[in-house]
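Step one of this worksheet: look at the structure below.
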Amino acid sequence: MIMNNTKKTTGKVSGIIANLVIVRADGPVAQNEICYINRDGIDLMAEVIKIIGNQAYTQVFESTRGLRIGSPVVFEGHLLEATLGPGILSSVYDGLMHDLHEMTGVFLKPGEYTRALDPEKIWDFKPLAKVGDQVLAADWLGEVMENSIPHRIMVPFVFEGKYTVKSIVAAGSYKINDTIAILTDSNGKDFPVTMVQYWPVKKAIKAYKDKPRPFKLFQTGVRTMDTLNPMAEGGTGFIPGPFGSGKTVLQHALSRQAEADVVIVAACGERANEVVELFVEFPELEDPKTGRKLIERTTIIANTSNMPVAAREASVYTAMTIAEYYRSMGLKILLLADSTSRWAQALREMSNRMEELPGPDAFPMDLPAIISNFYSRAGYVYLNNNQTGSITFIGTVSPAGGNLKEPVTESTKKVARAFYALSQQRADSKRYPAIDPIDSYSKYLEYPEVQESLRTSISDDWVDKVMLVKNIMIRGREASEQINILGDDSVPLDYHLAFWKSEVIDAIILQQDAFDKIDFNTPIVRQKYMLDKVIDIYETDFEFDSFEEVNPFFKRIINQLKQMNYSEFQSEQFKRFENELYKIIEERKVKK
Amino acid sequence: MSPVAFQKIYTHITNITKATCSLKASGIGNEELAVVHGRLAQVVKIMDDEVTLQVFGGTEGIPSNAEVIFYNRPPTLKVSDDLAGRFFNAYGHPIDGGPEVEGEERPIGGPSVNPVRRRQPSELIATGIAGIDLNNTLVTGQKIPFFADPDQPFNQVMAMVALRAEADKIILAGMGLTNDDYLYYKNVFENAGALDRIISFVNTTEDPPVERLLVPDMALTAAEYFAVDKNEKVLVLLTDMTLYADALSIVSNRMDQIPSKDSMPGSLYSDLAKIYEKAVQFPSGGSITIIAVTTLSGGDITHAIPDNTGYITEGQLFLRRDTDIGKVIVDPFRSLSRLKQLVIGTKTREDHPQVMNTAVRLYADAANAKTKLENGFDLTDYDQRTLDFAKEYSEYLLAIDVNIDINKMLDTGWQLFARHFNKAEVGIKQELVDKYWPEK
Ligand SMILES: Nc1ncnc2c1ncn2[C@@H]1O[C@H](COP(=O)(O)OP(=O)(O)OP(=O)(O)O)[C@@H](O)[C@H]1O
Ligand SMILES: [Mg+2]
């Protein structure tokens with residue numbers, strides 16, 4: 001709510017360079033204000049990104065083909081906003097939160113802006129607040145069931161200070177625009193509240209009491225993450241990797257199986273077919289936690305690479321704002337963005353068009369600040385009513401040429417606490433997910449509060465085991481380098497053992513088949529079971545006469561363990577492979 | 001394509017650069033076409049009454065008093081069934097001596113498909129080449145380039161794939177095509193008796209490079225006509241996208257834009273994505289599949305053009321000469337079809353995913369063994385067997401001259417496994433081994 005002018009500022013187009021349009025305005029204009037540019041009867045949405053005198057530089061969220069000098073412009077008096085209310089889940093929006101299902105025709109039409117929420121849909125409202133209650137922004141007034149999720153109707157975030165609930169409707173059926181409560185401010189002024197509110201997407205919603213450091217494990221079912229470099233609930237992580245290394249497959253896996261109440265997927269400047277995959281699968285697949293269909297807990301923001309570039313930048317903010325809205329309801333949100341590099345490139349395109357002084361690789365100078373600002377909106381929070389909510393944010397980064405020394409990767413590395421580096425070499429040898437076990441890290445593993453939570457929720461010695469495994473991987477790599485340099489028969493047998501023991505961990509813990517119906521998702525109990533198994537093998541002394549016996553022996557061990565990974569946990573079949581495994585181990589175990 | 005009568009003619013150009021010229025004019029629409037001194041041009045910038053035009057053929061010899069006529073519309077193509085069997089230049093004018101095509105005039109480079117209206121690609125494109133069908137299965141609605149060095153036979157492979165693909169229409173978009181290659185395509189299509197299914201938009205090395213920028217949009221506008229209006233399966237061949245990107249950089253450099261990596265414009269990703277994302281499976285059954293060529297320089301895939309392409313397309317196919325067998329193969333390491341998951345093991349036999357992965361893994365072991373050998377180390381028995389396997393795998397499956405169906409490819413895979421390895425070494429799911437392992 002920046003301006004309350006009753007009369008809207010208008011203007012006329014005075015310059016056009018691709019989607020940068022300069023408008024001569026006849027009144028006050030705000031930075032980042034939204035305006036509509038009329039091209040032959042069609043209103044094109046645009047955002048003010050620079051103001052010089054009475055000239056507003058705007059980025060148009062559409063193609064400007066056919067636009068002429070002198071075209072009329074109307075400024076809206078507000079920034080780019082998200083529409084927040086029940087009905088967001090299961091929806092598919094473009095970057096500006098227009099409902100893609102509501103649009104007619106196979107092709108997108110410039111200027112066809114659909115509403116975000118269905119105004120006619122009836123919701124069963126249940127009041128949570130009572131008349132006379134003192135409330136603040138984001139306090140819960142009532143709730144409706146959205147799919148299977150309790151969707152809290154809150155005091156709008158834009159409300160400043162304390163309000164008293166003057167009246168609230170009884171439980172019953174309402175539409176989103178019905179007034180469900182009247183709030184009175186300290187001056188006695190009344191404000192009607194509906195089930196829908198608006199919030200400028202580029203501004204963080206801070207209506208919570210406290211934001212502690214993340215302190216507990218956020219389970220994803222991806223072994224190399226959960227076991228080796230765990231994500232924390234409310235934490236931030238990023239996945240850089242060259243093209244084809246598995247960023248999207250990994251993010252899709254997270255969106256399917258991570259333990260979240262709500263998942264927001266921002267497809268930011270990537271392939272449309274990948275989004276289609278979600279449309280097709282999510283109505284069929286089940287949420288492992290609730291057994292309901294995945295689509296019920298998911299919202300997709302689809303601003304694919306062929307959609308307007310300027311809206312790409314907006315799309316990640318829209319997604320974050322929706323995540324913050326649901327977090328305020330006391331829910332656990334997973335926010336995914338693929339790819340944050342495309343968003344940075346959209347900024348670069350605009351900055352170049354405005355002839356700004358470029359920073360490294362022609363990206364805007366303030367890129368690091370923009371990225372850090374965005375990541376800082378994630379987090380675990382205590383709400384005013386002492387409930388908790390969280391946004392766990394994981395973005396992908398697409399570094400040019402796969403080289404991590406580039407501005408987007410470097411800026412992100414400074415702010416994201418978990419780093420899942422995908423390695424080309426692993427991807428080439430089909431060792432998926434290609435997360436490099438040695439280069440990657442999770443700072444959360446070093447947090448005492450996270451360690452504590454891992455100890456209590458998994459086992460006392462869990463953290464030590466994880467550290468041990470990391471060590472085994474490093475020693476395995478060193479051994480393999482030595483073997484490659486010196487040759488198989490010129491190194492001590494121990495090198496072969498060190499290498500093959502790390503290979504067991506690689507094949508059984510790190511590698512995971514995202515497309516296998518059992519292997520794709522490993523609950524933490526099973527991760528613990530298998531980790532214990534491979535550590536046992538690591539700690540076993542084996543006897544070999546020559547290095548040539550090492551490789552075939554461990555291949556057999558890996559094969560049995562792999563069969564276990566492909567079998568239902570603790571099933572007949574699983575145990576059969578496990579018994580086979582014991583027999584193989586016995587063949588060469590040093591008898592004490 | 002000629003200007004409508006009674007249009008205002010401008011004769012005073014204020015500014016001329018290598019690629020653009022500017023003049024005072026009013027009422028002009030962005031991206032509108034114009035003719036400058038008889039050459040086609042397009043509006044790229046308007047500042048108050050100053051209009052900047054990009055001249056496709058270059059500005060050489062344009063005088064400051066040249067005639068400028070605006071068309072009052074963006075570039076268009078006339079679409080109808082009569083496009084079939086015809087050859088056009090970058091502007092959509094016939095170059096085969098035939099008449100202009102009559103039909104509905106459509107702007108090229110039109111809007112994108114609403115992502116929720118897309119169908120998931122699910123129809124396998126069989127090419128008979130195991131390096132593709134077995135390891136990198138293609139699907140209708142996919143977009144995938146060949147990453148190839150300029151001396152590799154990518155045009156031949158592409159023509160072969162196109163003809164075997166059973167497409168209703170094949171649209172060739174040639175950018176900077178040598179005249180020889182142009183004639184090669186024409187010949188191959190003619191000999192296959194497929195000319196009536198082919199439409200070509202060709203910019204050859206003899207034409208001004210900037211004209212190329214129109215070629216993909218022309219081809220894809222024709223493709224959309226057949227895929228949307230006629231529900232046909234359309235295959236679009238884009239060759240060579242590196243030369244297309246070079247033209248982009250020429251224009252942006254001449255317009256003094258700040259270049260990003262490898263002197264390419266900062267918008268390269270978006271520019272290429274707009275083209276490749278035209279690949280789509282429509283709900284009505286029509287589809288556009290794009291197979292492209294991106295030539296590499298010195299095999300460098302970190303260069304901005306292949307790099308951005310790789311981030312856009314659904315995989316890439318590498319050709320490589322295998323010196324062990326003396327044939328060109330589809331390289332199993334670096335090639336990838338991202339959409340193969342949608343069909344392998346479901347549209348194809350259940351053992352497809354595992355046979356494919358295992359063979360590639362063993363081939364990787366062979367590569368390691370080869371390194372050992374080159375470094376003068378002794379090979380283990382296993383190493384030796386992987387080398388033997390790799391050679392036969394190249395010869396019987398990867399070589400581009402192999403032409404067999406997918407079940408035969410899978411059977412061949414199992415035979416090679418059984419010939420060189422035991423079951424544990426292969427490490428495939430037990431139930432598949434029980435079913436498919438060839439007993440001697
Ligand atoms: N966990 C996995 N299991 C099996 N295959 C995988 C896995 N991860 C990736 N792949 C393979 O790698 C391909 C590319 O993966 P993905 O699309 O996730 O790459 P990406 O890093 O997102 O690439 P881009 O930057 O181009 O979008 C997939 O299509 C699949 O074939
Ligand atoms: Mg991806």
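The chains in the structure tokens are called A, B, ... from first to last as shown; in each chain the residues are counted from 1, and the ligands are counted from 1 in the order shown.
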
As an mmCIF file with N, CA and C atoms, in the first residue's frame, please: every protein or nucleic acid residue near ligand 1 (cut-off 8 Å, counting only C-alpha atoms and all ligand atoms).
data_model
loop_
_atom_site.group_PDB
_atom_site.id
_atom_site.type_symbol
_atom_site.label_atom_id
_atom_site.label_comp_id
_atom_site.auth_asym_id
_atom_site.auth_seq_id
_atom_site.Cartn_x
_atom_site.Cartn_y
_atom_site.Cartn_z
ATOM 1 N N GLY A 241 25.257 -27.487 -10.905
ATOM 2 C CA GLY A 241 25.725 -28.607 -11.715
ATOM 3 C C GLY A 241 25.601 -28.298 -13.174
ATOM 4 N N PRO A 242 26.524 -28.822 -13.984
ATOM 5 C CA PRO A 242 26.444 -28.600 -15.421
ATOM 6 C C PRO A 242 25.161 -29.205 -15.989
ATOM 7 N N PHE A 243 24.853 -28.869 -17.216
ATOM 8 C CA PHE A 243 23.604 -29.392 -17.783
ATOM 9 C C PHE A 243 23.626 -30.907 -17.827
ATOM 10 N N GLY A 244 22.476 -31.481 -17.538
ATOM 11 C CA GLY A 244 22.352 -32.929 -17.608
ATOM 12 C C GLY A 244 22.932 -33.669 -16.431
ATOM 13 N N SER A 245 23.326 -32.964 -15.387
ATOM 14 C CA SER A 245 23.943 -33.668 -14.272
ATOM 15 C C SER A 245 22.921 -34.129 -13.238
ATOM 16 N N GLY A 246 21.671 -33.735 -13.397
ATOM 17 C CA GLY A 246 20.635 -34.288 -12.525
ATOM 18 C C GLY A 246 20.010 -33.319 -11.541
ATOM 19 N N LYS A 247 20.083 -32.026 -11.796
ATOM 20 C CA LYS A 247 19.484 -31.050 -10.881
ATOM 21 C C LYS A 247 17.971 -31.216 -10.820
ATOM 22 N N THR A 248 17.370 -31.290 -11.985
ATOM 23 C CA THR A 248 15.916 -31.332 -12.026
ATOM 24 C C THR A 248 15.388 -32.659 -11.498
ATOM 25 N N VAL A 249 16.038 -33.748 -11.870
ATOM 26 C CA VAL A 249 15.597 -35.063 -11.377
ATOM 27 C C VAL A 249 15.659 -35.065 -9.845
ATOM 28 N N LEU A 250 16.707 -34.482 -9.296
ATOM 29 C CA LEU A 250 16.855 -34.430 -7.850
ATOM 30 C C LEU A 250 15.772 -33.557 -7.216
ATOM 31 N N GLN A 251 15.524 -32.415 -7.820
ATOM 32 C CA GLN A 251 14.476 -31.551 -7.268
ATOM 33 C C GLN A 251 13.102 -32.198 -7.363
ATOM 34 N N GLU A 270 13.023 -22.804 -17.151
ATOM 35 C CA GLU A 270 13.503 -24.113 -17.606
ATOM 36 C C GLU A 270 12.480 -24.720 -18.566
ATOM 37 N N ARG A 271 12.639 -26.017 -18.857
ATOM 38 C CA ARG A 271 11.845 -26.643 -19.914
ATOM 39 C C ARG A 271 10.384 -26.860 -19.523
ATOM 40 N N ASP A 338 14.003 -23.944 -9.809
ATOM 41 C CA ASP A 338 14.843 -24.517 -10.870
ATOM 42 C C ASP A 338 14.640 -23.651 -12.103
ATOM 43 N N SER A 339 15.570 -22.813 -12.453
ATOM 44 C CA SER A 339 16.896 -22.645 -11.933
ATOM 45 C C SER A 339 17.095 -21.182 -11.540
ATOM 46 N N VAL A 397 21.420 -24.180 -9.468
ATOM 47 C CA VAL A 397 22.219 -23.180 -10.166
ATOM 48 C C VAL A 397 22.799 -23.848 -11.405
ATOM 49 N N SER A 398 22.729 -23.146 -12.515
ATOM 50 C CA SER A 398 23.218 -23.688 -13.790
ATOM 51 C C SER A 398 24.439 -22.899 -14.227
ATOM 52 N N LEU A 422 26.869 -31.160 -8.024
ATOM 53 C CA LEU A 422 26.728 -32.289 -8.937
ATOM 54 C C LEU A 422 27.973 -32.365 -9.808
ATOM 55 N N ALA A 427 28.010 -38.003 -13.155
ATOM 56 C CA ALA A 427 26.864 -38.111 -14.056
ATOM 57 C C ALA A 427 27.246 -38.923 -15.291
ATOM 58 N N LYS A 430 27.103 -42.408 -14.766
ATOM 59 C CA LYS A 430 25.750 -42.775 -14.327
ATOM 60 C C LYS A 430 25.699 -43.089 -12.834
ATOM 61 N N ARG A 431 26.529 -42.409 -12.065
ATOM 62 C CA ARG A 431 26.453 -42.577 -10.616
ATOM 63 C C ARG A 431 25.503 -41.522 -10.080
ATOM 64 N N TYR A 432 24.221 -41.847 -10.164
ATOM 65 C CA TYR A 432 23.185 -40.889 -9.761
ATOM 66 C C TYR A 432 22.725 -41.162 -8.337
ATOM 67 N N PRO A 433 22.261 -40.168 -7.602
ATOM 68 C CA PRO A 433 22.386 -38.755 -7.928
ATOM 69 C C PRO A 433 23.848 -38.349 -7.898
ATOM 70 N N ALA A 434 24.225 -37.450 -8.799
ATOM 71 C CA ALA A 434 25.643 -37.188 -9.025
ATOM 72 C C ALA A 434 26.259 -36.235 -7.999
ATOM 73 N N GLN A 511 24.656 -43.860 -4.386
ATOM 74 C CA GLN A 511 23.890 -44.039 -5.618
ATOM 75 C C GLN A 511 22.483 -44.509 -5.285
ATOM 76 N N GLN A 512 21.533 -43.940 -5.999
ATOM 77 C CA GLN A 512 20.138 -44.258 -5.721
ATOM 78 C C GLN A 512 19.375 -44.084 -7.020
ATOM 79 N N ASP A 513 18.600 -45.067 -7.365
ATOM 80 C CA ASP A 513 17.896 -45.060 -8.647
ATOM 81 C C ASP A 513 16.574 -44.312 -8.505
ATOM 82 N N ALA A 514 16.548 -43.097 -9.018
ATOM 83 C CA ALA A 514 15.356 -42.257 -8.863
ATOM 84 C C ALA A 514 14.149 -42.837 -9.603
ATOM 85 N N PHE A 515 14.384 -43.798 -10.484
ATOM 86 C CA PHE A 515 13.282 -44.314 -11.269
ATOM 87 C C PHE A 515 12.853 -45.711 -10.850
ATOM 88 N N GLY B 310 22.790 -26.993 -24.287
ATOM 89 C CA GLY B 310 22.648 -28.151 -23.410
ATOM 90 C C GLY B 310 21.700 -27.889 -22.262
ATOM 91 N N TYR B 311 21.662 -26.647 -21.810
ATOM 92 C CA TYR B 311 20.763 -26.283 -20.714
ATOM 93 C C TYR B 311 19.311 -26.168 -21.181
ATOM 94 N N ILE B 312 19.108 -26.144 -22.493
ATOM 95 C CA ILE B 312 17.756 -25.942 -23.023
ATOM 96 C C ILE B 312 17.165 -27.235 -23.567
ATOM 97 N N THR B 313 17.996 -27.968 -24.303
ATOM 98 C CA THR B 313 17.470 -29.128 -25.012
ATOM 99 C C THR B 313 17.288 -30.310 -24.070
ATOM 100 N N GLU B 314 16.591 -31.307 -24.554
ATOM 101 C CA GLU B 314 16.356 -32.492 -23.737
ATOM 102 C C GLU B 314 17.370 -33.565 -24.093
ATOM 103 N N GLY B 315 18.608 -33.213 -23.819
ATOM 104 C CA GLY B 315 19.702 -34.115 -24.091
ATOM 105 C C GLY B 315 20.512 -33.668 -25.287
ATOM 106 N N LEU B 336 22.918 -38.142 -24.352
ATOM 107 C CA LEU B 336 21.853 -38.334 -23.376
ATOM 108 C C LEU B 336 20.534 -37.916 -24.002
ATOM 109 N N SER B 337 19.519 -38.756 -23.833
ATOM 110 C CA SER B 337 18.176 -38.308 -24.170
ATOM 111 C C SER B 337 17.407 -38.219 -22.869
ATOM 112 N N ARG B 338 16.999 -37.026 -22.523
ATOM 113 C CA ARG B 338 16.342 -36.814 -21.235
ATOM 114 C C ARG B 338 14.953 -37.436 -21.187
ATOM 115 N N LEU B 339 14.345 -37.619 -22.362
ATOM 116 C CA LEU B 339 12.963 -38.079 -22.342
ATOM 117 C C LEU B 339 12.861 -39.584 -22.469
ATOM 118 N N LYS B 340 14.019 -40.249 -22.554
ATOM 119 C CA LYS B 340 13.956 -41.696 -22.746
ATOM 120 C C LYS B 340 13.190 -42.378 -21.622
ATOM 121 N N GLN B 341 13.281 -41.804 -20.401
ATOM 122 C CA GLN B 341 12.559 -42.383 -19.257
ATOM 123 C C GLN B 341 11.079 -42.586 -19.527
#

Next on the checklist: Env of Leu296 of chain B: 12 Å cut, atoms = only C-alpha atoms, seq-sep filter 3 positions within chain, self excluded. Answer as a list in words.
Outcome noted: Pro145, Phe146, Phe147, Ala148, Asp149, Pro150, Asp151, Gln152, Phe154, Asp240, Met241, Thr242, Leu243, Val293, Gly299, Asp300, Ile301, Thr302, His303, Ala304, Ile305, Pro306, Asp307, Thr309, Phe318 and Leu319 of chain B

Among segment 82-244 of chain A, which residues carry a DSSP assignment of helix (DSSP H, G or I), reported as a PDB file with C-alpha atoms, in the first residue's frame?
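Ended up saving to states.pdb:
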ATOM      1  CA  LEU A 100      -2.720 -21.132 -16.303  1.00  0.00           C
ATOM      2  CA  HIS A 101      -5.650 -23.529 -16.249  1.00  0.00           C
ATOM      3  CA  GLU A 102      -8.064 -20.625 -16.538  1.00  0.00           C
ATOM      4  CA  ARG A 223      20.331 -41.067   0.980  1.00  0.00           C
ATOM      5  CA  THR A 224      23.275 -38.970  -0.046  1.00  0.00           C
ATOM      6  CA  MET A 225      21.497 -35.931   1.342  1.00  0.00           C
ATOM      7  CA  ASP A 226      19.886 -37.277   4.521  1.00  0.00           C
ATOM      8  CA  THR A 227      22.793 -39.429   5.564  1.00  0.00           C
ATOM      9  CA  LEU A 228      25.825 -37.548   4.354  1.00  0.00           C
TER      10      LEU A 228
END

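Near Gly61 of chain B, within 12 Å and counting only C-alpha atoms, sit Ile16, Thr17, Lys18, Ala19, Cys21, Val36, His37, Gly38, Arg39, Val55, Gly57, Asn65 and Ala66 of chain B; same-chain residues fewer than 4 positions away were not included.
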
Item to check | chain A contacts to chain B at 6 Å (only C-alpha atoms) as a ChimeraX atom specification | outcome: /A:14-17,65-68,106-108,243,272,305-306,349,361-362,401,428,487,556,559

Item to check | Given only C-alpha atoms and all ligand atoms as the counted atoms, nearest of A:Lys126, A:His78, A:Arg342, A:Arg426 to ligand 2 | outcome: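 The answer is A:Arg342, which sits nearest to ligand 2.
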
Next on the checklist: Residues near Arg24 of chain A, anyone? I mean within 6 Å using only C-alpha atoms, not counting same-chain ones fewer than 6 positions away, as a PyMOL selection string.
Outcome noted: chain A and resi 11-12+54-55

Near-segment 280-293 of chain A list (10 Å; only C-alpha atoms; drop same-chain fewer than 3 positions) as a PDB file with N, CA, C and O atoms, in the first residue's frame:
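Saved the output as result_26.pdb:
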ATOM      1  N   SER A  90      -2.607 -26.991  -5.436  1.00  0.00           N
ATOM      2  CA  SER A  90      -2.987 -27.708  -6.669  1.00  0.00           C
ATOM      3  C   SER A  90      -3.046 -26.794  -7.890  1.00  0.00           C
ATOM      4  O   SER A  90      -3.309 -27.263  -8.981  1.00  0.00           O
ATOM      5  N   ASN A 147      -7.884 -28.912   0.478  1.00  0.00           N
ATOM      6  CA  ASN A 147      -7.499 -30.314   0.296  1.00  0.00           C
ATOM      7  C   ASN A 147      -7.450 -30.931   1.696  1.00  0.00           C
ATOM      8  O   ASN A 147      -8.440 -30.863   2.405  1.00  0.00           O
ATOM      9  N   SER A 148      -6.308 -31.454   2.145  1.00  0.00           N
ATOM     10  CA  SER A 148      -6.340 -32.015   3.496  1.00  0.00           C
ATOM     11  C   SER A 148      -5.615 -31.108   4.483  1.00  0.00           C
ATOM     12  O   SER A 148      -5.298 -31.501   5.583  1.00  0.00           O
ATOM     13  N   SER A 255      10.550 -32.948  -4.385  1.00  0.00           N
ATOM     14  CA  SER A 255       9.167 -32.466  -4.381  1.00  0.00           C
ATOM     15  C   SER A 255       8.183 -33.612  -4.166  1.00  0.00           C
ATOM     16  O   SER A 255       7.101 -33.409  -3.652  1.00  0.00           O
ATOM     17  N   ARG A 256       8.577 -34.813  -4.524  1.00  0.00           N
ATOM     18  CA  ARG A 256       7.690 -35.959  -4.342  1.00  0.00           C
ATOM     19  C   ARG A 256       7.737 -36.511  -2.941  1.00  0.00           C
ATOM     20  O   ARG A 256       6.720 -36.862  -2.364  1.00  0.00           O
ATOM     21  N   GLN A 257       8.947 -36.623  -2.386  1.00  0.00           N
ATOM     22  CA  GLN A 257       9.053 -37.454  -1.200  1.00  0.00           C
ATOM     23  C   GLN A 257       9.518 -36.740   0.060  1.00  0.00           C
ATOM     24  O   GLN A 257       9.550 -37.341   1.110  1.00  0.00           O
ATOM     25  N   ALA A 258       9.883 -35.449  -0.024  1.00  0.00           N
ATOM     26  CA  ALA A 258      10.353 -34.772   1.189  1.00  0.00           C
ATOM     27  C   ALA A 258       9.197 -34.629   2.172  1.00  0.00           C
ATOM     28  O   ALA A 258       8.041 -34.523   1.781  1.00  0.00           O
ATOM     29  N   GLU A 259       9.543 -34.645   3.466  1.00  0.00           N
ATOM     30  CA  GLU A 259       8.494 -34.588   4.482  1.00  0.00           C
ATOM     31  C   GLU A 259       8.054 -33.141   4.704  1.00  0.00           C
ATOM     32  O   GLU A 259       8.433 -32.506   5.670  1.00  0.00           O
ATOM     33  N   ALA A 260       7.229 -32.641   3.791  1.00  0.00           N
ATOM     34  CA  ALA A 260       6.728 -31.274   3.914  1.00  0.00           C
ATOM     35  C   ALA A 260       5.209 -31.314   3.885  1.00  0.00           C
ATOM     36  O   ALA A 260       4.617 -32.256   3.368  1.00  0.00           O
ATOM     37  N   ASP A 261       4.584 -30.280   4.462  1.00  0.00           N
ATOM     38  CA  ASP A 261       3.126 -30.182   4.373  1.00  0.00           C
ATOM     39  C   ASP A 261       2.725 -29.600   3.025  1.00  0.00           C
ATOM     40  O   ASP A 261       1.714 -29.976   2.445  1.00  0.00           O
ATOM     41  N   VAL A 275       7.812 -29.466 -16.513  1.00  0.00           N
ATOM     42  CA  VAL A 275       6.671 -29.077 -15.692  1.00  0.00           C
ATOM     43  C   VAL A 275       5.498 -30.010 -16.000  1.00  0.00           C
ATOM     44  O   VAL A 275       4.751 -30.411 -15.103  1.00  0.00           O
ATOM     45  N   VAL A 276       5.382 -30.355 -17.270  1.00  0.00           N
ATOM     46  CA  VAL A 276       4.311 -31.261 -17.673  1.00  0.00           C
ATOM     47  C   VAL A 276       4.426 -32.581 -16.907  1.00  0.00           C
ATOM     48  O   VAL A 276       3.443 -33.169 -16.488  1.00  0.00           O
ATOM     49  N   GLU A 277       5.667 -33.000 -16.694  1.00  0.00           N
ATOM     50  CA  GLU A 277       5.906 -34.222 -15.933  1.00  0.00           C
ATOM     51  C   GLU A 277       5.216 -34.138 -14.564  1.00  0.00           C
ATOM     52  O   GLU A 277       4.604 -35.094 -14.109  1.00  0.00           O
ATOM     53  N   GLU A 296      -2.262 -32.382  -4.200  1.00  0.00           N
ATOM     54  CA  GLU A 296      -3.049 -31.674  -3.192  1.00  0.00           C
ATOM     55  C   GLU A 296      -2.188 -30.785  -2.297  1.00  0.00           C
ATOM     56  O   GLU A 296      -2.691 -29.854  -1.684  1.00  0.00           O
ATOM     57  N   ARG A 297      -0.912 -31.127  -2.178  1.00  0.00           N
ATOM     58  CA  ARG A 297      -0.066 -30.307  -1.309  1.00  0.00           C
ATOM     59  C   ARG A 297       0.896 -29.424  -2.112  1.00  0.00           C
ATOM     60  O   ARG A 297       1.800 -28.822  -1.562  1.00  0.00           O
ATOM     61  N   THR A 298       0.694 -29.409  -3.435  1.00  0.00           N
ATOM     62  CA  THR A 298       1.689 -28.776  -4.296  1.00  0.00           C
ATOM     63  C   THR A 298       1.132 -27.574  -5.052  1.00  0.00           C
ATOM     64  O   THR A 298      -0.026 -27.601  -5.495  1.00  0.00           O
ATOM     65  N   ASN A 521      13.034 -43.870  -2.852  1.00  0.00           N
ATOM     66  CA  ASN A 521      12.808 -43.163  -1.590  1.00  0.00           C
ATOM     67  C   ASN A 521      13.206 -44.052  -0.424  1.00  0.00           C
ATOM     68  O   ASN A 521      12.674 -45.142  -0.275  1.00  0.00           O
ATOM     69  N   PRO A 523      13.386 -44.229   3.597  1.00  0.00           N
ATOM     70  CA  PRO A 523      13.110 -43.624   4.902  1.00  0.00           C
ATOM     71  C   PRO A 523      14.350 -43.733   5.799  1.00  0.00           C
ATOM     72  O   PRO A 523      15.199 -44.603   5.580  1.00  0.00           O
TER      73      PRO A 523
ATOM     74  N   VAL B 116       0.246 -25.858 -19.392  1.00  0.00           N
ATOM     75  CA  VAL B 116      -0.771 -26.824 -18.949  1.00  0.00           C
ATOM     76  C   VAL B 116      -1.547 -27.437 -20.114  1.00  0.00           C
ATOM     77  O   VAL B 116      -2.305 -28.382 -19.922  1.00  0.00           O
ATOM     78  N   ARG B 119       0.905 -31.963 -23.788  1.00  0.00           N
ATOM     79  CA  ARG B 119       0.818 -33.353 -23.394  1.00  0.00           C
ATOM     80  C   ARG B 119       2.223 -33.834 -23.110  1.00  0.00           C
ATOM     81  O   ARG B 119       3.191 -33.309 -23.661  1.00  0.00           O
ATOM     82  N   GLN B 120       2.315 -34.842 -22.272  1.00  0.00           N
ATOM     83  CA  GLN B 120       3.628 -35.409 -22.028  1.00  0.00           C
ATOM     84  C   GLN B 120       4.042 -36.229 -23.250  1.00  0.00           C
ATOM     85  O   GLN B 120       3.279 -37.081 -23.706  1.00  0.00           O
TER      86      GLN B 120
END

Do a neighbour search on Lys391 of chain B at 10 Å with only C-alpha atoms, toss out local chain neighbours closer than 5 positions, and write the hits as a PDB file with C-alpha atoms, in the first residue's frame.
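What follows is the written file part-v3.pdb:
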ATOM      1  CA  ASP B 322      35.832 -45.133 -32.721  1.00  0.00           C
ATOM      2  CA  ASP B 324      39.067 -49.577 -32.610  1.00  0.00           C
ATOM      3  CA  ILE B 325      36.410 -50.422 -35.147  1.00  0.00           C
ATOM      4  CA  TYR B 363      31.925 -49.611 -21.394  1.00  0.00           C
ATOM      5  CA  ALA B 366      36.682 -50.574 -20.475  1.00  0.00           C
ATOM      6  CA  THR B 386      35.816 -55.269 -20.553  1.00  0.00           C
ATOM      7  CA  TYR B 396      27.267 -54.453 -32.990  1.00  0.00           C
ATOM      8  CA  LEU B 397      25.390 -51.683 -31.207  1.00  0.00           C
ATOM      9  CA  LEU B 398      26.950 -48.232 -31.204  1.00  0.00           C
TER      10      LEU B 398
END

Checklist entry - Distance atom CA of Glu449 of chain A-atom CA of Ala337 of chain A, one decimal place? => result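 Separation between atom CA of Glu449 of chain A and atom CA of Ala337 of chain A: 27.2 Å.
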